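Trainee: The structure is given below, and queries will be raised subsequently.
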Amino acid sequence: MVKATDLPLLSTPGRPSIHPRGDVAVVSVTRPDISADAYVGQLWSVPLTGGEPRRITRGFRDSAPRHSPDGSLIAFLRAAPGEPPQLHVVSSDGGEPVVVTAQLLGVSDIAWSPDSSRIAYTARVAEQGRYGTVPEIGAGAEAPRRFTTRTFRANGVGYTTDRRASLFVVDVPDVTAEPAVQPVPERSGEKAPDAPTVPESRRLSSFDADVSHPVFTPDGSAVAFISDLHETADVDRANDVYSVSVDGEDEPRRLSAADARRSIAGLAFAPDGVLHVLAQELGDSGRDFVARNTSLYRMPSPDARAEALTDVTDTDIGEVSDIVFTGDGSVVFANRIRGAIRAERLAADGSRTVLTSDSDVVSGIDASGDRIVAVVAGSRDSGEVALLGGPSPEVLTDFSIGLRDAGILPVEHHAVTGRDGQVVEGWLVKPEGDGPFPTLLMIHGGPFAAYTGALFDESQVYADAGYAVVYCNPRGAAGFGEAFGRSIKNAMGTVDFADVIDFFEGVLDADETLDADRVGVLGGSYGGYLTAWITAHDHRFAGAIVERGFLDPELFVGTSDIGDFFGDEYVGTSPEDIARQSPQAHVGSVRTPTLVLHSEDDLRCPLSQAERYYAALKRHGVDAELVVFPGENHELSRSGRPRHRRDRFDVILEWWSRVLPV
């Protein structure tokens, strides 16, 4: 069975890239490596017309491959140990990759020009005197920072206003050219040869805002990107699509429609040249982001009204930002729906075709001609490359063979009707054997997120240790319509609390192998919030784990990277509303032994949330423990250092062995 030590078996494919001729896809496959304490991976070539997948690069961490439009080259990001990723290109026929950038803080998004001669990318640019721009000035010796904006930090990044994500374009080097030969020092003490030179990149943006998602315009004369350059950007959550010419001489020009305030998460140009975006409506305030489904819009011009091509009642394209077009002009996207992320094809006549099952989880898509490939995860794998378009996905890889050899426990789907008639859907994973098993209620973050029926390392590890694991999507979750998600706006800890408890009781009643008298509860982020809320109002649980929790809405403002708007929109701004929905305000009612687990560098739910909650538990005589992971942020359980991820599992299982022994 899957154990904490099996983390290196979690091989996860990234977004695939199809060769323009449609016969092969390239994908990065990354896994946590315990010995290196890092994520390692290479690029794989996956034939679409027969043949075995094969590894085609051997870097420490190679990712984000994209074929050039003419098919001759592959651009990708390569990171050496302890170094940020840099842009590389390699011939699609193979050979030695050529390094293209030497950005101090690394490269992120990349995009090809239509003629395959240039690549646009984004990279954070450090203010002079900071982040190693002057080797003699360490972080503690930098000049003081001054802030005038409401937000100036981001989880996983740190300060942002002094290292903006900027847009660059670079000419693609000739990968067949003879490499420059560096002289070798003849005598000891002579200067070592310089590092390989890279082409000069042109910076296209220098304004005080981050840019993302670069895409060349159809004629290749400009690069489009997402940014928030409007006057009220410091107050609202809206953004737009802009473009700048590749020579960088003009001012940014807005391309997206101005008929509503939206948060745009993805963009692409259709074969006819019309801009398409994925976006959430934000209401008149530009801040009402709560449980807004993401729709696909067609935007013919900045002055015309945007045309919504999908309906928020049955479609939410909020998990995967890929928009791809097939040869006939159809759009393919990933719809987050009822615990699945489903690939769908939207034809020009408005008809839709579902390409994956109601239980599959799609994490990346690409298309060329009539060929569509996706990375699809199910209950017995962490993601495989599949060819779409037939009666069911044709799986082409077997990256999860190690996991299956270790043993994967079945994932059972359940639907429970709650006290007010609401049907709540979720899953159960339980150990092998006859039971009765101590049972854990596990709660997801977000809250506008969702559990799925795909393989989940958390439930597998806990079940292997002897615990049945119950988890569901209560009201407030994504994938069940906007009304379902918005039902907890200014009502946190009400119907969401009822849903998770009703689902838990329903599954306990339905399965005699579960021990209803030996139960625990745990969750992270919003799941940490609801765990803390539950233990203040329900005392049946032998123990609880409150991880990276949103615990004190009042303290959240001014300390969290989203503190300027998150609590305002979810719990409100009046002292009465805040206190009514605050776990910190109800901590005096908690009697359940509680492990408070947090990361030192968490800027989403800052460490102060955990420290204050833990202190209050101790002051009220609750058996409580605080565990803090150094150097980690809000993403510890998903992308933290591999050894810390393993340590986290050890801490959690040791806690359960004390308060809820098997």
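Lettering and numbering for the structure tokens are positional, with chains as A, B, ... in the shown order, residues counted from 1 in each chain, and ligands counted from 1 in the shown order.
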Write out as a list of chain:residue names each polymer residue whose atoms come within 8 Å of segment 636-647 of chain A, counting only C-alpha atoms; drop sequence neighbours fewer than 2 positions from it.
Mentor: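 What passes the distance filter is A:Ala4, A:Thr5, A:Leu7, A:Pro32, A:Asp33, A:Ile34, A:Asp37, A:Ala38, A:Tyr39, A:Ser599, A:Phe629, A:Glu632, A:Asn633, A:His634, A:Phe649, A:Asp650, A:Val651.
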Trainee: Keeping N, CA and C atoms, export the residues of the selection given above as a PDB file, in the first residue's frame.
Mentor:
```pdb
ATOM      1  N   ALA A   4       4.088   7.004   3.249  1.00  0.00           N
ATOM      2  CA  ALA A   4       4.772   8.290   3.133  1.00  0.00           C
ATOM      3  C   ALA A   4       6.097   8.144   2.399  1.00  0.00           C
ATOM      4  N   THR A   5       6.755   7.023   2.583  1.00  0.00           N
ATOM      5  CA  THR A   5       8.039   6.795   1.916  1.00  0.00           C
ATOM      6  C   THR A   5       7.891   6.555   0.426  1.00  0.00           C
ATOM      7  N   LEU A   7       6.432   8.641  -1.613  1.00  0.00           N
ATOM      8  CA  LEU A   7       6.276   9.914  -2.320  1.00  0.00           C
ATOM      9  C   LEU A   7       7.036   9.959  -3.646  1.00  0.00           C
ATOM     10  N   PRO A  32       8.819  13.949  -6.713  1.00  0.00           N
ATOM     11  CA  PRO A  32       9.619  14.354  -5.554  1.00  0.00           C
ATOM     12  C   PRO A  32      10.731  13.338  -5.303  1.00  0.00           C
ATOM     13  N   ASP A  33      11.941  13.817  -5.131  1.00  0.00           N
ATOM     14  CA  ASP A  33      13.086  12.947  -4.865  1.00  0.00           C
ATOM     15  C   ASP A  33      13.566  13.199  -3.438  1.00  0.00           C
ATOM     16  N   ILE A  34      13.516  12.175  -2.598  1.00  0.00           N
ATOM     17  CA  ILE A  34      13.866  12.343  -1.191  1.00  0.00           C
ATOM     18  C   ILE A  34      15.364  12.591  -1.025  1.00  0.00           C
ATOM     19  N   ASP A  37      16.091  15.938  -2.089  1.00  0.00           N
ATOM     20  CA  ASP A  37      15.177  16.861  -1.409  1.00  0.00           C
ATOM     21  C   ASP A  37      14.716  17.949  -2.386  1.00  0.00           C
ATOM     22  N   ALA A  38      14.302  17.499  -3.554  1.00  0.00           N
ATOM     23  CA  ALA A  38      13.894  18.425  -4.612  1.00  0.00           C
ATOM     24  C   ALA A  38      12.992  17.671  -5.582  1.00  0.00           C
ATOM     25  N   TYR A  39      12.380  18.434  -6.493  1.00  0.00           N
ATOM     26  CA  TYR A  39      11.559  17.835  -7.541  1.00  0.00           C
ATOM     27  C   TYR A  39      12.418  17.687  -8.792  1.00  0.00           C
ATOM     28  N   SER A 599       3.199  26.287   8.347  1.00  0.00           N
ATOM     29  CA  SER A 599       4.487  26.541   7.712  1.00  0.00           C
ATOM     30  C   SER A 599       4.966  27.948   8.058  1.00  0.00           C
ATOM     31  N   PHE A 629       6.806  24.093  10.223  1.00  0.00           N
ATOM     32  CA  PHE A 629       7.798  23.658   9.252  1.00  0.00           C
ATOM     33  C   PHE A 629       8.594  24.861   8.749  1.00  0.00           C
ATOM     34  N   GLU A 632       8.892  26.623   4.621  1.00  0.00           N
ATOM     35  CA  GLU A 632       7.784  26.198   3.774  1.00  0.00           C
ATOM     36  C   GLU A 632       6.701  27.268   3.729  1.00  0.00           C
ATOM     37  N   ASN A 633       5.866  27.199   2.685  1.00  0.00           N
ATOM     38  CA  ASN A 633       4.760  28.138   2.547  1.00  0.00           C
ATOM     39  C   ASN A 633       3.435  27.396   2.542  1.00  0.00           C
ATOM     40  N   HIS A 634       2.402  28.017   2.021  1.00  0.00           N
ATOM     41  CA  HIS A 634       1.052  27.449   2.078  1.00  0.00           C
ATOM     42  C   HIS A 634       0.940  26.136   1.302  1.00  0.00           C
ATOM     43  N   PHE A 649       3.824  13.817   6.941  1.00  0.00           N
ATOM     44  CA  PHE A 649       3.054  12.585   7.122  1.00  0.00           C
ATOM     45  C   PHE A 649       3.432  11.904   8.438  1.00  0.00           C
ATOM     46  N   ASP A 650       4.722  11.880   8.760  1.00  0.00           N
ATOM     47  CA  ASP A 650       5.162  11.250  10.009  1.00  0.00           C
ATOM     48  C   ASP A 650       4.549  11.957  11.220  1.00  0.00           C
ATOM     49  N   VAL A 651       4.528  13.298  11.189  1.00  0.00           N
ATOM     50  CA  VAL A 651       3.953  14.065  12.298  1.00  0.00           C
ATOM     51  C   VAL A 651       2.464  13.751  12.442  1.00  0.00           C
TER      52      VAL A 651
END
```
Trainee: Please list as an NGL selection string every residue within 7 Å of Ser560 of chain A, counting only C-alpha atoms and excluding residues in the same chain fewer than 2 positions away.
Mentor: :A and (556-558 or 562-563 or 603-606)
Trainee: May I ask which of the residues A:Ala102, A:Ala544, A:Val125, A:Val324 is the closest one to Leu522 of chain A, counting only C-alpha atoms?
Mentor: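 Of the candidates, the smallest distance to Leu522 of chain A is held by A:Ala544.
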Trainee: Please measure the separation of atom CA of Glu319 of chain A and atom CA of Ala343 of chain A, giving the value in Å to one decimal.
Mentor: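 About the pair atom CA of Glu319 of chain A and atom CA of Ala343 of chain A: they are 11.6 Å apart.
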Trainee: Atom CA of Ile341 of chain A and atom CA of Tyr526 of chain A are how many Å apart?
Mentor: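 Between atom CA of Ile341 of chain A and atom CA of Tyr526 of chain A the gap is 20.9 Å.
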Trainee: Excluding same-chain residues fewer than 4 positions from Gly520 of chain A, what lies within 6 Å of it counting only C-alpha atoms, as a list in words?
Mentor: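 My list of contacting residues is Leu440, Phe541, Ala542, Gly543 and Ala544 of chain A.
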Trainee: Skipping near chain neighbours, those fewer than 4 positions away, what residues fall within 9 Å of segment 347-355 of chain A using only C-alpha atoms, listed as a VMD selection string?
Mentor: chain A and resid 309 328 to 332 342 to 343 388 to 393
Trainee: Would you save the residues from that selection as a PDB file, in the first residue's frame, using all heavy atoms?
Mentor:
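This is the output file result11.pdb:
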```pdb
ATOM      1  N   LEU A 309     -19.371  31.986 -24.230  1.00  0.00           N
ATOM      2  CA  LEU A 309     -19.588  30.748 -24.972  1.00  0.00           C
ATOM      3  C   LEU A 309     -19.968  29.580 -24.071  1.00  0.00           C
ATOM      4  O   LEU A 309     -20.369  28.533 -24.569  1.00  0.00           O
ATOM      5  CB  LEU A 309     -18.320  30.394 -25.767  1.00  0.00           C
ATOM      6  CG  LEU A 309     -17.828  31.457 -26.749  1.00  0.00           C
ATOM      7  CD1 LEU A 309     -16.580  30.961 -27.480  1.00  0.00           C
ATOM      8  CD2 LEU A 309     -18.923  31.815 -27.756  1.00  0.00           C
ATOM      9  N   ASP A 328     -10.716  22.229 -36.990  1.00  0.00           N
ATOM     10  CA  ASP A 328     -11.979  22.758 -37.506  1.00  0.00           C
ATOM     11  C   ASP A 328     -12.467  23.981 -36.730  1.00  0.00           C
ATOM     12  O   ASP A 328     -13.596  24.440 -36.940  1.00  0.00           O
ATOM     13  CB  ASP A 328     -13.056  21.667 -37.500  1.00  0.00           C
ATOM     14  CG  ASP A 328     -13.402  21.181 -36.090  1.00  0.00           C
ATOM     15  OD1 ASP A 328     -12.798  21.685 -35.119  1.00  0.00           O
ATOM     16  OD2 ASP A 328     -14.273  20.299 -35.971  1.00  0.00           O
ATOM     17  N   GLY A 329     -11.622  24.509 -35.831  1.00  0.00           N
ATOM     18  CA  GLY A 329     -11.991  25.698 -35.075  1.00  0.00           C
ATOM     19  C   GLY A 329     -12.737  25.429 -33.788  1.00  0.00           C
ATOM     20  O   GLY A 329     -13.120  26.372 -33.086  1.00  0.00           O
ATOM     21  N   SER A 330     -12.956  24.161 -33.440  1.00  0.00           N
ATOM     22  CA  SER A 330     -13.582  23.845 -32.158  1.00  0.00           C
ATOM     23  C   SER A 330     -12.639  24.218 -31.018  1.00  0.00           C
ATOM     24  O   SER A 330     -11.415  24.227 -31.181  1.00  0.00           O
ATOM     25  CB  SER A 330     -13.913  22.352 -32.066  1.00  0.00           C
ATOM     26  OG  SER A 330     -14.861  21.974 -33.035  1.00  0.00           O
ATOM     27  N   VAL A 331     -13.232  24.519 -29.855  1.00  0.00           N
ATOM     28  CA  VAL A 331     -12.450  24.859 -28.667  1.00  0.00           C
ATOM     29  C   VAL A 331     -12.501  23.676 -27.704  1.00  0.00           C
ATOM     30  O   VAL A 331     -13.568  23.102 -27.470  1.00  0.00           O
ATOM     31  CB  VAL A 331     -13.022  26.099 -27.959  1.00  0.00           C
ATOM     32  CG1 VAL A 331     -12.046  26.600 -26.905  1.00  0.00           C
ATOM     33  CG2 VAL A 331     -13.331  27.206 -28.951  1.00  0.00           C
ATOM     34  N   VAL A 332     -11.343  23.334 -27.138  1.00  0.00           N
ATOM     35  CA  VAL A 332     -11.278  22.279 -26.136  1.00  0.00           C
ATOM     36  C   VAL A 332     -10.848  22.909 -24.813  1.00  0.00           C
ATOM     37  O   VAL A 332      -9.913  23.711 -24.776  1.00  0.00           O
ATOM     38  CB  VAL A 332     -10.297  21.168 -26.541  1.00  0.00           C
ATOM     39  CG1 VAL A 332     -10.306  20.043 -25.503  1.00  0.00           C
ATOM     40  CG2 VAL A 332     -10.650  20.617 -27.916  1.00  0.00           C
ATOM     41  N   ARG A 342     -13.377  17.627 -16.462  1.00  0.00           N
ATOM     42  CA  ARG A 342     -13.754  16.892 -17.665  1.00  0.00           C
ATOM     43  C   ARG A 342     -13.343  17.668 -18.906  1.00  0.00           C
ATOM     44  O   ARG A 342     -13.631  18.860 -19.029  1.00  0.00           O
ATOM     45  CB  ARG A 342     -15.272  16.717 -17.636  1.00  0.00           C
ATOM     46  CG  ARG A 342     -15.843  15.665 -18.520  1.00  0.00           C
ATOM     47  CD  ARG A 342     -17.306  15.448 -18.181  1.00  0.00           C
ATOM     48  NE  ARG A 342     -18.148  16.604 -18.478  1.00  0.00           N
ATOM     49  CZ  ARG A 342     -19.418  16.720 -18.115  1.00  0.00           C
ATOM     50  NH1 ARG A 342     -19.984  15.745 -17.402  1.00  0.00           N
ATOM     51  NH2 ARG A 342     -20.132  17.770 -18.440  1.00  0.00           N
ATOM     52  N   ALA A 343     -12.653  17.018 -19.836  1.00  0.00           N
ATOM     53  CA  ALA A 343     -12.335  17.645 -21.115  1.00  0.00           C
ATOM     54  C   ALA A 343     -13.588  17.677 -21.983  1.00  0.00           C
ATOM     55  O   ALA A 343     -14.296  16.672 -22.101  1.00  0.00           O
ATOM     56  CB  ALA A 343     -11.224  16.885 -21.821  1.00  0.00           C
ATOM     57  N   LEU A 388      -7.572  11.745 -26.863  1.00  0.00           N
ATOM     58  CA  LEU A 388      -9.012  11.928 -26.711  1.00  0.00           C
ATOM     59  C   LEU A 388      -9.708  11.930 -28.065  1.00  0.00           C
ATOM     60  O   LEU A 388      -9.090  12.136 -29.098  1.00  0.00           O
ATOM     61  CB  LEU A 388      -9.307  13.248 -25.986  1.00  0.00           C
ATOM     62  CG  LEU A 388      -8.586  13.494 -24.664  1.00  0.00           C
ATOM     63  CD1 LEU A 388      -9.079  14.788 -24.030  1.00  0.00           C
ATOM     64  CD2 LEU A 388      -8.760  12.324 -23.710  1.00  0.00           C
ATOM     65  N   GLY A 389     -11.023  11.718 -28.014  1.00  0.00           N
ATOM     66  CA  GLY A 389     -11.819  11.777 -29.230  1.00  0.00           C
ATOM     67  C   GLY A 389     -12.558  10.503 -29.545  1.00  0.00           C
ATOM     68  O   GLY A 389     -13.522  10.511 -30.307  1.00  0.00           O
ATOM     69  N   GLY A 390     -12.141   9.388 -28.946  1.00  0.00           N
ATOM     70  CA  GLY A 390     -12.838   8.126 -29.149  1.00  0.00           C
ATOM     71  C   GLY A 390     -13.911   7.924 -28.100  1.00  0.00           C
ATOM     72  O   GLY A 390     -14.260   8.835 -27.347  1.00  0.00           O
ATOM     73  N   PRO A 391     -14.455   6.712 -28.009  1.00  0.00           N
ATOM     74  CA  PRO A 391     -15.486   6.427 -26.997  1.00  0.00           C
ATOM     75  C   PRO A 391     -14.994   6.669 -25.573  1.00  0.00           C
ATOM     76  O   PRO A 391     -15.777   7.015 -24.691  1.00  0.00           O
ATOM     77  CB  PRO A 391     -15.802   4.939 -27.235  1.00  0.00           C
ATOM     78  CG  PRO A 391     -15.361   4.667 -28.643  1.00  0.00           C
ATOM     79  CD  PRO A 391     -14.187   5.551 -28.889  1.00  0.00           C
ATOM     80  N   SER A 392     -13.693   6.466 -25.349  1.00  0.00           N
ATOM     81  CA  SER A 392     -13.082   6.740 -24.051  1.00  0.00           C
ATOM     82  C   SER A 392     -11.632   7.115 -24.305  1.00  0.00           C
ATOM     83  O   SER A 392     -11.072   6.820 -25.364  1.00  0.00           O
ATOM     84  CB  SER A 392     -13.169   5.513 -23.133  1.00  0.00           C
ATOM     85  OG  SER A 392     -12.497   4.420 -23.714  1.00  0.00           O
ATOM     86  N   PRO A 393     -10.983   7.792 -23.347  1.00  0.00           N
ATOM     87  CA  PRO A 393      -9.584   8.171 -23.551  1.00  0.00           C
ATOM     88  C   PRO A 393      -8.695   6.954 -23.790  1.00  0.00           C
ATOM     89  O   PRO A 393      -8.830   5.926 -23.120  1.00  0.00           O
ATOM     90  CB  PRO A 393      -9.228   8.872 -22.235  1.00  0.00           C
ATOM     91  CG  PRO A 393     -10.536   9.351 -21.680  1.00  0.00           C
ATOM     92  CD  PRO A 393     -11.538   8.313 -22.080  1.00  0.00           C
TER      93      PRO A 393
END
```
